[in-house]
Amino acid sequence: MLRRAEEMHAEAAAVVAAERARLAAAGVSGALVWTGASSLPGALTRGDVDLHLRVPPDDVESAVAAVRALHAVRRPDLWCATLATFAVEAPLPTELAVTPVGSEHDVRFTRTWDLLRADPHLLAEYNAVKRRADGTPAYEDAKSAFFTRLLESAP
């Protein structure tokens, strides 16, 4: 069931703050960015929190090892040199992606959300994609295709 991001903002912000503190306490390098629909007022979300740890390319291996000591691996089938994903134990379903700054995955996770924040029409289109696909097996593929189109048409 989809809901507006602002309905869960306080709870999601607390998850982000807790993870930021956890990573800092563990000495994990990089910048933690809150991405995904829960980060953007007006966006429709399933109530999950998407986090993105942007790491200098030379620090990726050590950052992934440090995060792996803190969290369970998520979607190992997606892992590659520029992406590692983890499940974060939190009050809301939360995932953390680790990417090297400037990589294809880093750009996809940052640029798409910058574009959606800057253009209410794109956000409305994104919400429409989610409404049409919600509750279907095609949900993730529909979102991925939208983001691919978004990046291909961005200036």
# chains A, B, ... in the order shown; residues from 1 in each chain; ligands from 1
call {"tool": "select_by_dssp", "arguments": {"residues": "region 8-150 of chain A", "states": "alpha helix (DSSP H)", "output": "ChimeraX atom specification"}}
result
/A:9-25,60-70,104-118,120-133,139-150
call {"tool": "select_by_dssp", "arguments": {"residues": "chain A", "states": "strand (DSSP E)", "output": "PyMOL selection string"}}
result
chain A and resi 3-4+31-35+44-45+49-55+72-73+84-88+94-100
call {"tool": "residues_around", "arguments": {"residues": "Pro100 (chain A)", "least_positions_apart": "2", "cutoff": "10 Å", "atoms": "only C-alpha atoms", "output": "list in words"}}
result
Gly30, Leu53, Arg54, Val55, Pro56, Pro57, Asp58, Asp59, Val60, Glu61, Ala63, Ala81, Thr82, Leu83, Ala84, Val98, Gly102, Ser103, Glu104, His105, Asp106 and Val107 of chain A
call {"tool": "write_last_selection", "arguments": {"atoms": "N, CA and C atoms", "output": "short mmCIF file (atom, residue, chain, number, x, y, z; two decimals), in the first residue's frame"}}
result
data_model
loop_
_atom_site.label_atom_id
_atom_site.label_comp_id
_atom_site.auth_asym_id
_atom_site.auth_seq_id
_atom_site.Cartn_x
_atom_site.Cartn_y
_atom_site.Cartn_z
N GLY A 30 32.85 7.62 4.17
CA GLY A 30 31.83 7.90 3.17
C GLY A 30 30.75 8.82 3.70
N LEU A 53 25.34 4.90 0.79
CA LEU A 53 26.64 5.29 1.33
C LEU A 53 27.59 5.51 0.15
N ARG A 54 27.93 6.76 -0.05
CA ARG A 54 28.84 7.17 -1.13
C ARG A 54 30.26 7.16 -0.58
N VAL A 55 31.09 6.30 -1.13
CA VAL A 55 32.43 6.05 -0.60
C VAL A 55 33.49 6.41 -1.63
N PRO A 56 34.59 7.04 -1.21
CA PRO A 56 35.67 7.27 -2.16
C PRO A 56 36.10 5.93 -2.78
N PRO A 57 36.38 5.91 -4.09
CA PRO A 57 36.70 4.64 -4.76
C PRO A 57 37.78 3.81 -4.05
N ASP A 58 38.79 4.45 -3.51
CA ASP A 58 39.87 3.70 -2.83
C ASP A 58 39.43 3.08 -1.51
N ASP A 59 38.28 3.51 -0.99
CA ASP A 59 37.81 3.02 0.32
C ASP A 59 36.67 2.00 0.22
N VAL A 60 36.29 1.62 -0.99
CA VAL A 60 35.11 0.77 -1.16
C VAL A 60 35.27 -0.56 -0.44
N GLU A 61 36.37 -1.25 -0.65
CA GLU A 61 36.54 -2.57 -0.04
C GLU A 61 36.46 -2.50 1.48
N ALA A 63 35.05 -0.15 3.30
CA ALA A 63 33.71 0.27 3.71
C ALA A 63 32.73 -0.89 3.63
N ALA A 81 31.29 -4.64 -8.63
CA ALA A 81 32.37 -3.78 -8.15
C ALA A 81 31.89 -2.41 -7.69
N THR A 82 30.71 -1.98 -8.17
CA THR A 82 30.22 -0.64 -7.83
C THR A 82 28.94 -0.65 -7.01
N LEU A 83 28.56 -1.82 -6.46
CA LEU A 83 27.33 -1.88 -5.67
C LEU A 83 27.37 -3.05 -4.70
N ALA A 84 27.10 -2.74 -3.44
CA ALA A 84 26.88 -3.75 -2.41
C ALA A 84 25.66 -3.30 -1.63
N VAL A 98 25.99 0.57 -0.91
CA VAL A 98 27.33 1.16 -0.85
C VAL A 98 27.84 1.25 -2.29
N GLY A 102 30.96 8.59 -7.99
CA GLY A 102 31.18 8.76 -9.42
C GLY A 102 30.87 7.55 -10.26
N SER A 103 30.58 6.42 -9.64
CA SER A 103 30.27 5.20 -10.39
C SER A 103 28.87 5.28 -10.98
N GLU A 104 28.57 4.36 -11.89
CA GLU A 104 27.25 4.30 -12.51
C GLU A 104 26.14 4.21 -11.46
N HIS A 105 26.32 3.36 -10.46
CA HIS A 105 25.29 3.21 -9.43
C HIS A 105 25.18 4.46 -8.57
N ASP A 106 26.30 5.07 -8.26
CA ASP A 106 26.29 6.30 -7.48
C ASP A 106 25.49 7.38 -8.21
N VAL A 107 25.76 7.54 -9.50
CA VAL A 107 25.06 8.55 -10.29
C VAL A 107 23.57 8.23 -10.33
#
call {"tool": "residues_around", "arguments": {"residues": "Arg108 (chain A)", "least_positions_apart": "3", "cutoff": "12 Å", "atoms": "only C-alpha atoms", "output": "short mmCIF file (atom, residue, chain, number, x, y, z; two decimals) with N, CA and C atoms, in the first residue's frame"}}
result
data_model
loop_
_atom_site.label_atom_id
_atom_site.label_comp_id
_atom_site.auth_asym_id
_atom_site.auth_seq_id
_atom_site.Cartn_x
_atom_site.Cartn_y
_atom_site.Cartn_z
N THR A 35 17.99 8.46 0.26
CA THR A 35 17.39 8.51 -1.07
C THR A 35 16.04 7.82 -1.02
N GLY A 36 15.48 7.54 -2.15
CA GLY A 36 14.21 6.82 -2.19
C GLY A 36 13.04 7.73 -1.89
N HIS A 52 22.02 5.38 1.01
CA HIS A 52 23.08 5.25 0.01
C HIS A 52 24.37 5.77 0.65
N ARG A 54 27.93 6.76 -0.05
CA ARG A 54 28.84 7.17 -1.13
C ARG A 54 30.26 7.16 -0.58
N THR A 82 30.71 -1.98 -8.17
CA THR A 82 30.22 -0.64 -7.83
C THR A 82 28.94 -0.65 -7.01
N LEU A 83 28.56 -1.82 -6.46
CA LEU A 83 27.33 -1.88 -5.67
C LEU A 83 27.37 -3.05 -4.70
N ALA A 97 22.73 0.84 0.35
CA ALA A 97 23.58 0.53 -0.80
C ALA A 97 24.91 1.26 -0.61
N THR A 99 28.26 2.45 -2.68
CA THR A 99 28.78 2.65 -4.03
C THR A 99 30.00 3.56 -4.00
N PRO A 100 30.92 3.39 -4.94
CA PRO A 100 32.02 4.35 -5.07
C PRO A 100 31.50 5.64 -5.70
N VAL A 101 31.94 6.76 -5.18
CA VAL A 101 31.55 8.06 -5.70
C VAL A 101 31.92 8.13 -7.19
N GLY A 102 30.96 8.59 -7.99
CA GLY A 102 31.18 8.76 -9.42
C GLY A 102 30.87 7.55 -10.26
N SER A 103 30.58 6.42 -9.64
CA SER A 103 30.27 5.20 -10.39
C SER A 103 28.87 5.28 -10.98
N GLU A 104 28.57 4.36 -11.89
CA GLU A 104 27.25 4.30 -12.51
C GLU A 104 26.14 4.21 -11.46
N HIS A 105 26.32 3.36 -10.46
CA HIS A 105 25.29 3.21 -9.43
C HIS A 105 25.18 4.46 -8.57
N ARG A 111 21.57 11.25 -8.86
CA ARG A 111 21.05 12.13 -9.92
C ARG A 111 19.53 12.00 -10.07
N THR A 112 19.01 10.77 -10.03
CA THR A 112 17.56 10.60 -10.22
C THR A 112 16.78 11.33 -9.14
N TRP A 113 17.23 11.22 -7.91
CA TRP A 113 16.49 11.89 -6.82
C TRP A 113 16.66 13.40 -6.87
N ASP A 114 17.81 13.88 -7.33
CA ASP A 114 17.98 15.32 -7.54
C ASP A 114 17.00 15.82 -8.60
N LEU A 115 16.84 15.06 -9.68
CA LEU A 115 15.92 15.45 -10.74
C LEU A 115 14.48 15.46 -10.24
N SER A 144 12.51 0.84 -12.09
CA SER A 144 13.83 0.84 -12.71
C SER A 144 13.79 1.41 -14.12
N ALA A 145 12.79 1.02 -14.89
CA ALA A 145 12.65 1.54 -16.25
C ALA A 145 12.42 3.06 -16.23
N PHE A 146 11.63 3.53 -15.27
CA PHE A 146 11.39 4.97 -15.15
C PHE A 146 12.72 5.70 -14.89
N PHE A 147 13.52 5.18 -13.95
CA PHE A 147 14.79 5.83 -13.62
C PHE A 147 15.75 5.80 -14.80
N THR A 148 15.76 4.72 -15.55
CA THR A 148 16.62 4.65 -16.74
C THR A 148 16.21 5.71 -17.75
N ARG A 149 14.91 5.82 -18.01
CA ARG A 149 14.42 6.86 -18.94
C ARG A 149 14.76 8.26 -18.42
N LEU A 150 14.60 8.45 -17.12
CA LEU A 150 14.88 9.74 -16.51
C LEU A 150 16.33 10.15 -16.75
N LEU A 151 17.25 9.24 -16.52
CA LEU A 151 18.67 9.55 -16.71
C LEU A 151 19.03 9.74 -18.16
N GLU A 152 18.40 8.95 -19.03
CA GLU A 152 18.70 9.08 -20.47
C GLU A 152 18.20 10.39 -21.04
N ALA A 154 17.83 13.24 -19.16
CA ALA A 154 18.29 14.39 -18.35
C ALA A 154 19.39 15.15 -19.09
#
call {"tool": "closest_residue", "arguments": {"among": "A:Asn127, A:Arg132, A:Thr94, A:Leu44", "to": "Arg74 (chain A)", "atoms": "only C-alpha atoms"}}
result
A:Thr94
call {"tool": "closest_residue", "arguments": {"among": "A:Glu140, A:Val88, A:Val28, A:Gly135", "to": "Ser62 (chain A)", "atoms": "only C-alpha atoms"}}
result
A:Val28
call {"tool": "closest_residue", "arguments": {"among": "A:Ala18, A:Gly27, A:Pro41, A:Val64", "to": "Ala118 (chain A)", "atoms": "only C-alpha atoms"}}
result
A:Pro41
call {"tool": "closest_atom_pairs", "arguments": {"of": "region 41-145 of chain A", "to": "region 23-26 of chain A", "cutoff": "9 Å", "atoms": "only C-alpha atoms", "output": "CSV"}}
result
residue,atom,partner,partner_atom,distance
A:Ala66,CA,A:Ala26,CA,7.3
A:Val67,CA,A:Leu23,CA,7.7
A:Leu70,CA,A:Ala26,CA,8.5
call {"tool": "residues_around", "arguments": {"residues": "Ala13 (chain A)", "least_positions_apart": "2", "cutoff": "12 Å", "atoms": "only C-alpha atoms", "output": "MDAnalysis selection string"}}
result
chainID A and resid 5:11 15:20 33:35 38:40 48:51 90:92 94
call {"tool": "atom_distance", "arguments": {"atom1": "CA of Gly47 (chain A)", "atom2": "CA of Cys80 (chain A)"}}
result
26.8 Å
call {"tool": "atom_distance", "arguments": {"atom1": "CA of Thr45 (chain A)", "atom2": "CA of Leu96 (chain A)"}}
result
16.4 Å
